[in-house]
file target.tsv (TSV, C-alpha atoms)
chain	number	residue	atom	x	y	z
D	1	MET	CA	-24.56	21.51	-40.87
D	2	LYS	CA	-20.90	21.25	-39.99
D	3	LEU	CA	-19.94	20.18	-36.48
D	4	LYS	CA	-16.76	19.28	-34.69
D	5	VAL	CA	-17.33	15.93	-33.04
D	6	ASN	CA	-14.44	14.77	-30.90
D	7	ALA	CA	-12.29	17.35	-32.71
D	8	GLU	CA	-13.17	15.95	-36.13
D	9	GLU	CA	-15.08	18.16	-38.54
D	10	ILE	CA	-18.08	16.34	-39.98
D	11	GLN	CA	-21.24	17.12	-41.93
D	12	VAL	CA	-24.44	15.96	-40.25
D	13	SER	CA	-28.18	16.41	-40.57
D	14	ALA	CA	-29.06	15.94	-36.88
D	15	ALA	CA	-30.62	18.98	-35.25
D	16	THR	CA	-30.30	17.82	-31.65
D	17	LEU	CA	-27.57	16.15	-29.64
D	18	ALA	CA	-29.69	13.00	-29.18
D	19	ALA	CA	-30.24	12.81	-32.94
D	20	LEU	CA	-26.52	13.28	-33.55
D	21	CYS	CA	-25.63	10.39	-31.24
D	22	ARG	CA	-28.14	8.18	-33.08
D	23	GLU	CA	-26.94	9.34	-36.50
D	24	LEU	CA	-23.35	8.49	-35.63
D	25	GLY	CA	-24.25	5.16	-34.07
D	26	TYR	CA	-23.43	5.85	-30.42
D	27	PRO	CA	-25.44	3.97	-27.78
D	28	GLU	CA	-27.73	6.03	-25.56
D	29	GLN	CA	-26.21	4.65	-22.38
D	30	GLY	CA	-22.53	4.38	-21.62
D	31	VAL	CA	-21.37	7.60	-23.22
D	32	ALA	CA	-21.30	11.13	-21.85
D	33	THR	CA	-21.73	14.27	-23.88
D	34	ALA	CA	-20.69	17.90	-23.85
D	35	VAL	CA	-21.37	20.78	-26.24
D	36	ASN	CA	-18.94	23.68	-26.45
D	37	GLY	CA	-17.28	22.55	-23.24
D	38	GLU	CA	-20.50	22.28	-21.21
D	39	PHE	CA	-21.78	18.95	-19.92
D	40	VAL	CA	-25.13	17.88	-21.35
D	41	PRO	CA	-26.84	15.19	-19.24
D	42	ARG	CA	-28.33	12.17	-21.02
D	43	GLN	CA	-31.93	13.26	-20.35
D	44	GLN	CA	-31.30	16.66	-21.91
D	45	ARG	CA	-29.79	15.47	-25.19
D	46	ASP	CA	-33.21	15.54	-26.87
D	47	ASN	CA	-33.60	19.18	-25.95
D	48	GLN	CA	-30.08	20.22	-26.82
D	49	PRO	CA	-30.15	21.97	-30.21
D	50	LEU	CA	-27.02	21.94	-32.35
D	51	ARG	CA	-25.80	24.86	-34.39
D	52	ASP	CA	-23.33	25.10	-37.19
D	53	GLY	CA	-19.81	25.08	-35.80
D	54	ASP	CA	-20.67	23.56	-32.41
D	55	ALA	CA	-17.95	21.46	-30.78
D	56	VAL	CA	-19.35	18.19	-29.44
D	57	GLU	CA	-17.55	15.73	-27.20
D	58	ILE	CA	-18.80	12.15	-26.90
D	59	LEU	CA	-16.80	10.22	-24.34
D	60	ALA	CA	-16.75	6.57	-23.29
D	61	PRO	CA	-15.20	4.72	-20.34
D	62	MET	CA	-11.51	4.13	-20.68
D	63	GLN	CA	-8.59	2.80	-18.64
D	64	GLY	CA	-7.12	5.43	-16.34
D	65	GLY	CA	-4.50	5.99	-13.68
V	1	MET	CA	-9.45	0.31	8.35
V	2	LEU	CA	-9.54	3.36	6.15
V	3	ASN	CA	-12.55	5.64	5.99
V	4	VAL	CA	-12.90	7.97	3.01
V	5	TYR	CA	-16.08	9.98	2.57
V	6	ASP	CA	-17.84	7.60	4.97
V	7	THR	CA	-16.80	4.58	2.94
V	8	VAL	CA	-14.84	1.98	4.87
V	9	LEU	CA	-12.03	0.32	2.95
V	10	ASN	CA	-9.98	-2.67	4.01
V	11	SER	CA	-7.33	-2.23	1.36
V	12	ARG	CA	-4.93	0.68	1.43
V	13	LEU	CA	-3.93	0.22	-2.20
V	14	PHE	CA	-5.75	2.10	-4.96
V	15	LEU	CA	-4.87	0.73	-8.38
V	16	GLY	CA	-4.90	2.34	-11.81
V	17	THR	CA	-6.32	0.40	-14.75
V	18	ALA	CA	-4.23	1.79	-17.64
V	19	GLN	CA	-1.42	0.33	-19.72
V	20	TYR	CA	-1.84	-3.37	-18.92
V	21	PRO	CA	-0.70	-5.86	-21.56
V	22	SER	CA	-4.23	-7.32	-21.79
V	23	PRO	CA	-7.63	-7.19	-20.09
V	24	GLU	CA	-6.85	-10.58	-18.52
V	25	GLN	CA	-3.69	-9.17	-16.95
V	26	LEU	CA	-5.65	-6.20	-15.67
V	27	ARG	CA	-8.26	-8.48	-14.12
V	28	ALA	CA	-5.64	-10.69	-12.49
V	29	ALA	CA	-3.70	-7.67	-11.22
V	30	VAL	CA	-6.76	-6.11	-9.60
V	31	GLU	CA	-7.66	-9.41	-7.98
V	32	ARG	CA	-4.18	-10.07	-6.59
V	33	SER	CA	-3.75	-6.47	-5.44
V	34	GLN	CA	-6.85	-6.86	-3.24
V	35	ALA	CA	-7.57	-3.24	-4.16
V	36	GLU	CA	-11.10	-2.10	-3.50
V	37	VAL	CA	-10.74	1.12	-5.46
V	38	VAL	CA	-9.56	1.41	-9.06
V	39	THR	CA	-9.17	4.52	-11.15
V	40	VAL	CA	-10.86	4.91	-14.52
V	41	SER	CA	-11.16	7.62	-17.13
V	42	LEU	CA	-13.21	8.91	-20.05
V	43	ARG	CA	-11.88	9.29	-23.56
V	44	ARG	CA	-13.12	9.93	-27.06
V	45	GLU	CA	-14.17	6.79	-28.83
V	46	ALA	CA	-15.25	6.19	-32.41
V	47	ALA	CA	-18.90	5.19	-32.73
V	48	GLY	CA	-19.48	1.46	-32.85
V	49	GLU	CA	-16.07	0.60	-31.46
V	50	GLY	CA	-17.38	-0.57	-28.10
V	51	SER	CA	-14.03	-1.00	-26.37
V	52	GLY	CA	-15.07	1.43	-23.66
V	53	GLN	CA	-18.15	-0.60	-22.85
V	54	ARG	CA	-16.18	-3.83	-22.77
V	55	PHE	CA	-13.71	-2.23	-20.38
V	56	TRP	CA	-16.50	-0.90	-18.17
V	57	GLN	CA	-18.15	-4.32	-18.03
V	58	LEU	CA	-14.84	-5.87	-17.01
V	59	ILE	CA	-14.43	-3.34	-14.20
V	60	GLN	CA	-18.00	-3.85	-13.02
V	61	SER	CA	-17.43	-7.61	-12.87
V	62	LEU	CA	-14.53	-7.10	-10.45
V	63	GLY	CA	-16.77	-5.77	-7.67
V	64	VAL	CA	-14.55	-2.77	-6.91
V	65	ARG	CA	-15.34	0.90	-6.44
V	66	VAL	CA	-14.31	3.20	-9.25
V	67	LEU	CA	-12.58	6.52	-8.88
V	68	PRO	CA	-12.93	8.37	-12.19
V	69	ASN	CA	-10.14	10.81	-12.97
V	70	THR	CA	-9.97	14.04	-14.91
V	71	ALA	CA	-6.59	13.17	-16.40
V	72	GLY	CA	-5.45	15.42	-19.20
V	73	CYS	CA	-7.50	18.40	-18.09
V	74	HIS	CA	-5.60	21.67	-18.05
V	75	THR	CA	-8.32	24.11	-17.03
V	76	VAL	CA	-10.97	24.35	-14.34
V	77	GLN	CA	-13.71	24.22	-16.99
V	78	GLU	CA	-12.32	21.07	-18.60
V	79	ALA	CA	-11.96	19.34	-15.25
V	80	VAL	CA	-15.44	20.30	-14.05
V	81	THR	CA	-17.08	19.21	-17.30
V	82	THR	CA	-15.16	15.93	-17.32
V	83	ALA	CA	-16.15	15.26	-13.71
V	84	HIS	CA	-19.81	15.73	-14.56
V	85	MET	CA	-19.50	13.42	-17.56
V	86	ALA	CA	-17.79	10.81	-15.40
V	87	ARG	CA	-20.45	11.03	-12.69
V	88	GLU	CA	-23.12	10.19	-15.25
V	89	VAL	CA	-21.27	7.31	-16.91
V	90	PHE	CA	-19.76	5.72	-13.81
V	91	ALA	CA	-22.62	6.57	-11.44
V	92	THR	CA	-20.39	7.76	-8.61
V	93	ARG	CA	-19.89	11.04	-6.78
V	94	TRP	CA	-16.18	10.27	-6.37
V	95	VAL	CA	-13.73	12.05	-8.62
V	96	LYS	CA	-9.95	12.05	-8.71
V	97	LEU	CA	-9.46	15.67	-9.60
V	98	GLU	CA	-6.49	16.45	-11.80
V	99	VAL	CA	-5.81	19.89	-13.23
V	100	ILE	CA	-2.45	19.69	-14.93
V	101	GLY	CA	-0.30	22.80	-14.88
V	102	ASP	CA	2.86	21.64	-16.60
V	103	ASP	CA	3.11	19.07	-19.36
V	104	ALA	CA	6.72	18.08	-18.72
V	105	THR	CA	6.26	17.20	-15.06
V	106	LEU	CA	2.46	16.77	-15.02
V	107	GLN	CA	2.61	18.97	-11.95
V	108	PRO	CA	-0.85	19.96	-10.73
V	109	ASP	CA	-2.04	23.52	-11.32
V	110	VAL	CA	-2.90	23.97	-7.67
V	111	PHE	CA	-4.73	27.25	-8.24
V	112	GLY	CA	-7.06	25.67	-10.77
V	113	LEU	CA	-7.28	22.58	-8.57
V	114	VAL	CA	-8.61	24.52	-5.58
V	115	GLU	CA	-11.15	26.35	-7.74
V	116	ALA	CA	-12.36	23.16	-9.43
V	117	ALA	CA	-12.52	21.38	-6.06
V	118	ARG	CA	-14.73	24.14	-4.67
V	119	ILE	CA	-17.10	24.04	-7.65
V	120	LEU	CA	-17.37	20.27	-7.61
V	121	SER	CA	-17.72	19.95	-3.82
V	122	GLU	CA	-20.57	22.47	-3.86
V	123	ASP	CA	-22.17	20.37	-6.56
V	124	GLY	CA	-22.17	17.23	-4.42
V	125	PHE	CA	-18.99	15.60	-5.65
V	126	GLN	CA	-16.61	13.85	-3.27
V	127	VAL	CA	-13.29	15.13	-4.47
V	128	PHE	CA	-9.95	13.31	-4.27
V	129	PRO	CA	-7.54	16.06	-5.35
V	130	TYR	CA	-4.23	15.15	-6.98
V	131	THR	CA	-2.04	17.80	-5.39
V	132	THR	CA	1.47	18.56	-4.22
V	133	GLU	CA	2.70	18.30	-0.62
V	134	ASP	CA	2.22	22.08	-0.17
V	135	LEU	CA	0.63	22.76	3.22
V	136	VAL	CA	-1.15	25.95	2.25
V	137	VAL	CA	-2.65	24.37	-0.84
V	138	ALA	CA	-3.78	21.51	1.36
V	139	GLU	CA	-5.54	23.98	3.68
V	140	ARG	CA	-7.27	25.59	0.73
V	141	LEU	CA	-8.40	22.25	-0.63
V	142	LEU	CA	-9.92	21.34	2.72
V	143	ALA	CA	-11.61	24.73	2.89
V	144	ALA	CA	-12.97	24.05	-0.61
V	145	GLY	CA	-14.70	20.93	0.68
V	146	CYS	CA	-12.18	18.11	0.14
V	147	ARG	CA	-12.10	15.44	2.85
V	148	VAL	CA	-9.19	13.50	1.35
V	149	LEU	CA	-5.87	14.75	-0.01
V	150	MET	CA	-3.70	12.99	-2.55
V	151	PRO	CA	-0.21	14.51	-2.71
V	152	TRP	CA	2.22	13.25	-5.30
V	153	GLY	CA	5.25	11.20	-4.36
V	154	ALA	CA	6.96	12.12	-7.63
V	155	PRO	CA	5.72	13.10	-11.09
V	156	ILE	CA	3.25	10.66	-12.68
V	157	GLY	CA	4.89	7.68	-14.32
V	158	THR	CA	8.43	8.40	-13.12
V	159	GLY	CA	8.62	5.68	-10.48
V	160	ARG	CA	10.99	7.83	-8.43
V	161	GLY	CA	9.26	7.19	-5.13
V	162	LEU	CA	8.86	9.82	-2.43
V	163	ASN	CA	10.81	12.84	-3.69
V	164	ASN	CA	10.15	15.01	-0.66
V	165	VAL	CA	9.91	12.85	2.43
V	166	TYR	CA	10.30	15.88	4.67
V	167	GLY	CA	7.36	17.65	3.00
V	168	LEU	CA	5.20	14.55	3.17
V	169	ARG	CA	6.00	14.15	6.87
V	170	GLN	CA	5.02	17.77	7.50
V	171	LEU	CA	1.74	17.26	5.67
V	172	ARG	CA	0.98	14.14	7.71
V	173	ALA	CA	1.78	15.95	10.94
V	174	HIS	CA	-0.38	18.96	10.03
V	175	PHE	CA	-3.46	16.96	9.14
V	176	PRO	CA	-3.56	13.97	11.48
V	177	GLU	CA	-7.27	13.38	10.93
V	178	ILE	CA	-7.46	13.75	7.15
V	179	PRO	CA	-7.05	10.65	4.98
V	180	LEU	CA	-3.86	11.16	2.95
V	181	VAL	CA	-3.05	9.10	-0.11
V	182	VAL	CA	0.27	9.26	-1.93
V	183	ASP	CA	-0.73	9.41	-5.57
V	184	ALA	CA	1.82	9.13	-8.37
V	185	GLY	CA	5.53	8.46	-8.53
V	186	ILE	CA	5.50	5.14	-6.68
V	187	GLY	CA	7.86	2.81	-8.54
V	188	SER	CA	8.44	-0.13	-6.24
V	189	PRO	CA	6.80	-1.86	-3.29
V	190	SER	CA	9.43	-0.37	-0.97
V	191	HIS	CA	8.22	3.13	-1.95
V	192	ALA	CA	4.68	2.13	-1.06
V	193	ALA	CA	5.80	0.64	2.25
V	194	GLN	CA	7.68	3.84	3.02
V	195	ALA	CA	4.56	5.94	2.42
V	196	LEU	CA	2.55	3.76	4.79
V	197	GLU	CA	5.36	3.80	7.37
V	198	LEU	CA	5.16	7.61	7.30
V	199	GLY	CA	1.54	7.30	8.33
V	200	TYR	CA	-0.03	7.83	4.95
V	201	ASP	CA	-3.37	6.11	4.77
V	202	ALA	CA	-3.01	4.61	1.31
V	203	VAL	CA	-1.16	4.79	-1.99
V	204	LEU	CA	-2.51	5.10	-5.51
V	205	LEU	CA	-0.36	3.69	-8.30
V	206	ASN	CA	-0.65	2.36	-11.81
V	207	THR	CA	2.49	2.17	-13.93
V	208	ALA	CA	4.58	0.28	-11.37
V	209	VAL	CA	2.15	-2.62	-11.68
V	210	SER	CA	0.96	-2.36	-15.28
V	211	LYS	CA	4.47	-2.06	-16.71
V	212	ALA	CA	6.01	-4.75	-14.50
V	213	GLY	CA	7.24	-7.93	-16.13
V	214	ASP	CA	4.45	-9.82	-14.38
V	215	PRO	CA	1.73	-7.32	-13.43
V	216	PRO	CA	-0.40	-9.65	-11.28
V	217	ALA	CA	2.64	-10.74	-9.26
V	218	MET	CA	3.70	-7.13	-8.81
V	219	ALA	CA	0.19	-6.26	-7.71
V	220	GLU	CA	0.47	-8.84	-4.95
V	221	ALA	CA	3.91	-7.52	-4.00
V	222	PHE	CA	2.38	-4.07	-3.56
V	223	ALA	CA	-0.46	-5.49	-1.50
V	224	GLN	CA	2.05	-7.08	0.86
V	225	ALA	CA	4.20	-3.94	1.00
V	226	VAL	CA	1.23	-1.76	1.86
V	227	ASN	CA	0.17	-4.15	4.61
V	228	ALA	CA	3.73	-4.31	5.96
V	229	GLY	CA	4.09	-0.53	5.91
V	230	ARG	CA	0.82	0.02	7.73
V	231	LEU	CA	1.57	-2.65	10.32
V	232	ALA	CA	4.98	-1.06	10.92
V	233	TYR	CA	3.39	2.36	11.36
V	234	GLU	CA	0.90	1.02	13.85
V	235	ALA	CA	3.60	-0.94	15.68
V	236	GLY	CA	5.68	2.23	16.12
V	237	LEU	CA	9.02	2.54	14.34
V	238	MET	CA	12.23	3.08	16.27
V	239	GLU	CA	13.99	6.38	15.82
V	240	ALA	CA	17.17	6.49	13.77
V	241	HIS	CA	20.41	7.39	15.60
V	242	ASP	CA	23.80	8.51	14.36
V	243	LEU	CA	25.79	6.44	16.85
V	244	ALA	CA	25.92	2.68	17.03
V	245	ALA	CA	24.34	0.94	20.00
V	246	PRO	CA	24.95	-2.79	20.55
V	247	SER	CA	21.79	-4.81	20.60
V	248	THR	CA	23.38	-7.77	22.44
V	249	PRO	CA	23.74	-7.13	26.20
V	250	GLU	CA	27.25	-5.97	27.09
V	251	PHE	CA	27.13	-7.30	30.63
V	252	GLY	CA	29.17	-10.52	30.84
V	253	THR	CA	30.91	-10.06	27.50
V	254	PRO	CA	33.69	-12.72	27.24
V	255	PHE	CA	37.34	-11.59	27.43
V	256	SER	CA	36.29	-8.22	28.75
V	257	PRO	CA	38.32	-6.76	31.65
V	258	TRP	CA	35.11	-6.31	33.62
V	259	SER	CA	33.94	-9.02	35.94
V	260	GLY	CA	30.41	-10.31	36.19
V	261	HIS	CA	28.16	-12.67	34.31
V	262	ALA	CA	24.63	-12.76	33.00
call {"tool": "encode", "arguments": {"input": "target.tsv", "output": "structure tokens"}}
result
Amino acid sequence: MKLKVNAEEIQVSAATLAALCRELGYPEQGVATAVNGEFVPRQQRDNQPLRDGDAVEILAPMQGG
Amino acid sequence: MLNVYDTVLNSRLFLGTAQYPSPEQLRAAVERSQAEVVTVSLRREAAGEGSGQRFWQLIQSLGVRVLPNTAGCHTVQEAVTTAHMAREVFATRWVKLEVIGDDATLQPDVFGLVEAARILSEDGFQVFPYTTEDLVVAERLLAAGCRVLMPWGAPIGTGRGLNNVYGLRQLRAHFPEIPLVVDAGIGSPSHAAQALELGYDAVLLNTAVSKAGDPPAMAEAFAQAVNAGRLAYEAGLMEAHDLAAPSTPEFGTPFSPWSGHA
């Protein structure tokens, strides 16, 4: 399945958002996720299915003004 | 003392955490600024990089409150989603709401700002909106649930100070009970002092400290300026006059044709 993760097109086998985060090596805590522009809380990542072409954002804390 | 969303703050300086030469400089700057609130953000990060976590641990070790921003968001949807993501990661209901309307000036899209503020306030967020000094927009933001307003002094990163002192004065006069924070455009400690002298409750700045030759020293300079400005405001500033008025008593002036002595 092809996904856009942080605007980069990649091929993955994960069927859920939680599985995707594990497959890519992201920690469970400390990142926040969104699919197709909608926030997906940490507890719901297991139940969030992914479909071909979905746009996923995985964000981490960063310096800000 | 300053009270924002039922949180009492001793410091009237909110400090940004971006663009410091090193994490050590950031730490020292926050400490010397005496700021109790620092702004943070969320960004894409490659898996396994870990720099975001290291940054977050550094901030947590400083014992300050964080104010996550929605910097870079251009639509209501982007800002609302980013705010939700920030609430989960940073575990705070506070959000510095930015909806950018123009890339050249980073001027807020005030229409999107009001809409996003309403959505987020209804969802339990405590919104700190980055806005202009427009009075009507301010009214709408308050009606949307905001209890703090953060008008710009000048466009982000310009260091031009308070571009529209008249407008900022009007805003202060219209909303005497609402905490007002000048956010963006502050370039020097004198700008910060001026904002506090006008009766603004606090200033939020980043670049003026992070891009200074010695960021920690500049942070302390801002801390002193903010304290001086607030003290001056509370002490009551004299009014400016067009005509000179001697401060030394005129009675008994030597060589004057008038008789009399002190």
call {"tool": "interface_residues", "arguments": {"input": "target.tsv", "of": "chain D", "to": "chain V", "cutoff": "6 Å", "atoms": "all atoms listed in the file", "output": "VMD selection string"}}
result
chain D and resid 25 to 26 30 32 39 59 to 65
call {"tool": "residues_around", "arguments": {"input": "target.tsv", "residues": "Arg45 of chain D", "least_positions_apart": "6", "cutoff": "7 Å", "atoms": "all atoms listed in the file", "output": "list in words"}}
result
Thr16, Leu17 and Ala18 of chain D
call {"tool": "atom_distance", "arguments": {"input": "target.tsv", "atom1": "atom CA of Ala173 of chain V", "atom2": "atom CA of Glu133 of chain V"}}
result
11.8 Å
call {"tool": "residues_near_point", "arguments": {"input": "target.tsv", "point": "(-14.9, 19.5, -30.7)", "cutoff": "7 Å", "atoms": "only C-alpha atoms", "output": "MDAnalysis selection string"}}
result
chainID D and resid 4:8 55:57
call {"tool": "axis_aligned_box", "arguments": {"input": "target.tsv", "around": "segment 16-22 of chain V", "padding_each_side": "3 Å", "output": "JSON"}}
result
{"center_x": -3.5, "center_y": -2.5, "center_z": -16.8, "size_x": 11.6, "size_y": 15.7, "size_z": 16.0}
call {"tool": "atom_distance", "arguments": {"input": "target.tsv", "atom1": "atom CA of Pro108 of chain V", "atom2": "atom CA of Asp54 of chain D"}}
result
29.6 Å
call {"tool": "atom_distance", "arguments": {"input": "target.tsv", "atom1": "atom CA of Cys21 of chain D", "atom2": "atom CA of Thr33 of chain D"}}
result
9.2 Å
call {"tool": "closest_residue", "arguments": {"input": "target.tsv", "among": "V:Asn3, V:Ser121, V:Gln34, V:Gln194", "to": "Gly63 of chain V", "atoms": "all atoms listed in the file"}}
result
V:Gln34
call {"tool": "decode", "arguments": {"input": "target.tsv", "residues": "segment 200-211 of chain V", "atoms": "N, CA, C and O atoms", "output": "short mmCIF file (atom, residue, chain, number, x, y, z; two decimals), in the first residue's frame"}}
result
data_model
loop_
_atom_site.label_atom_id
_atom_site.label_comp_id
_atom_site.auth_asym_id
_atom_site.auth_seq_id
_atom_site.Cartn_x
_atom_site.Cartn_y
_atom_site.Cartn_z
N TYR V 200 0.18 47.19 28.57
CA TYR V 200 0.07 45.79 28.14
C TYR V 200 0.57 44.89 29.26
O TYR V 200 1.46 45.27 30.02
N ASP V 201 -0.05 43.73 29.36
CA ASP V 201 0.23 42.88 30.51
C ASP V 201 1.51 42.08 30.38
O ASP V 201 2.08 41.66 31.38
N ALA V 202 1.92 41.83 29.13
CA ALA V 202 3.12 41.03 28.91
C ALA V 202 3.55 41.18 27.46
O ALA V 202 2.83 41.76 26.63
N VAL V 203 4.73 40.67 27.16
CA VAL V 203 5.18 40.60 25.76
C VAL V 203 5.64 39.16 25.49
O VAL V 203 6.11 38.46 26.39
N LEU V 204 5.48 38.78 24.24
CA LEU V 204 5.98 37.47 23.80
C LEU V 204 6.98 37.74 22.68
O LEU V 204 6.65 38.42 21.71
N LEU V 205 8.18 37.22 22.82
CA LEU V 205 9.20 37.46 21.80
C LEU V 205 10.14 36.28 21.70
O LEU V 205 10.22 35.45 22.61
N ASN V 206 10.82 36.20 20.60
CA ASN V 206 11.73 35.09 20.36
C ASN V 206 13.03 35.57 19.70
O ASN V 206 14.11 35.55 20.28
N THR V 207 12.88 36.06 18.46
CA THR V 207 14.06 36.37 17.65
C THR V 207 14.99 37.38 18.31
O THR V 207 16.22 37.26 18.21
N ALA V 208 14.42 38.37 18.97
CA ALA V 208 15.25 39.43 19.57
C ALA V 208 16.24 38.85 20.58
O ALA V 208 17.33 39.39 20.77
N VAL V 209 15.86 37.74 21.20
CA VAL V 209 16.77 37.09 22.15
C VAL V 209 17.63 36.04 21.43
O VAL V 209 18.85 36.03 21.56
N SER V 210 16.98 35.18 20.66
CA SER V 210 17.71 34.03 20.09
C SER V 210 18.76 34.46 19.08
O SER V 210 19.77 33.79 18.90
N LYS V 211 18.53 35.59 18.40
CA LYS V 211 19.48 36.05 17.40
C LYS V 211 20.41 37.16 17.93
O LYS V 211 21.17 37.77 17.16
#
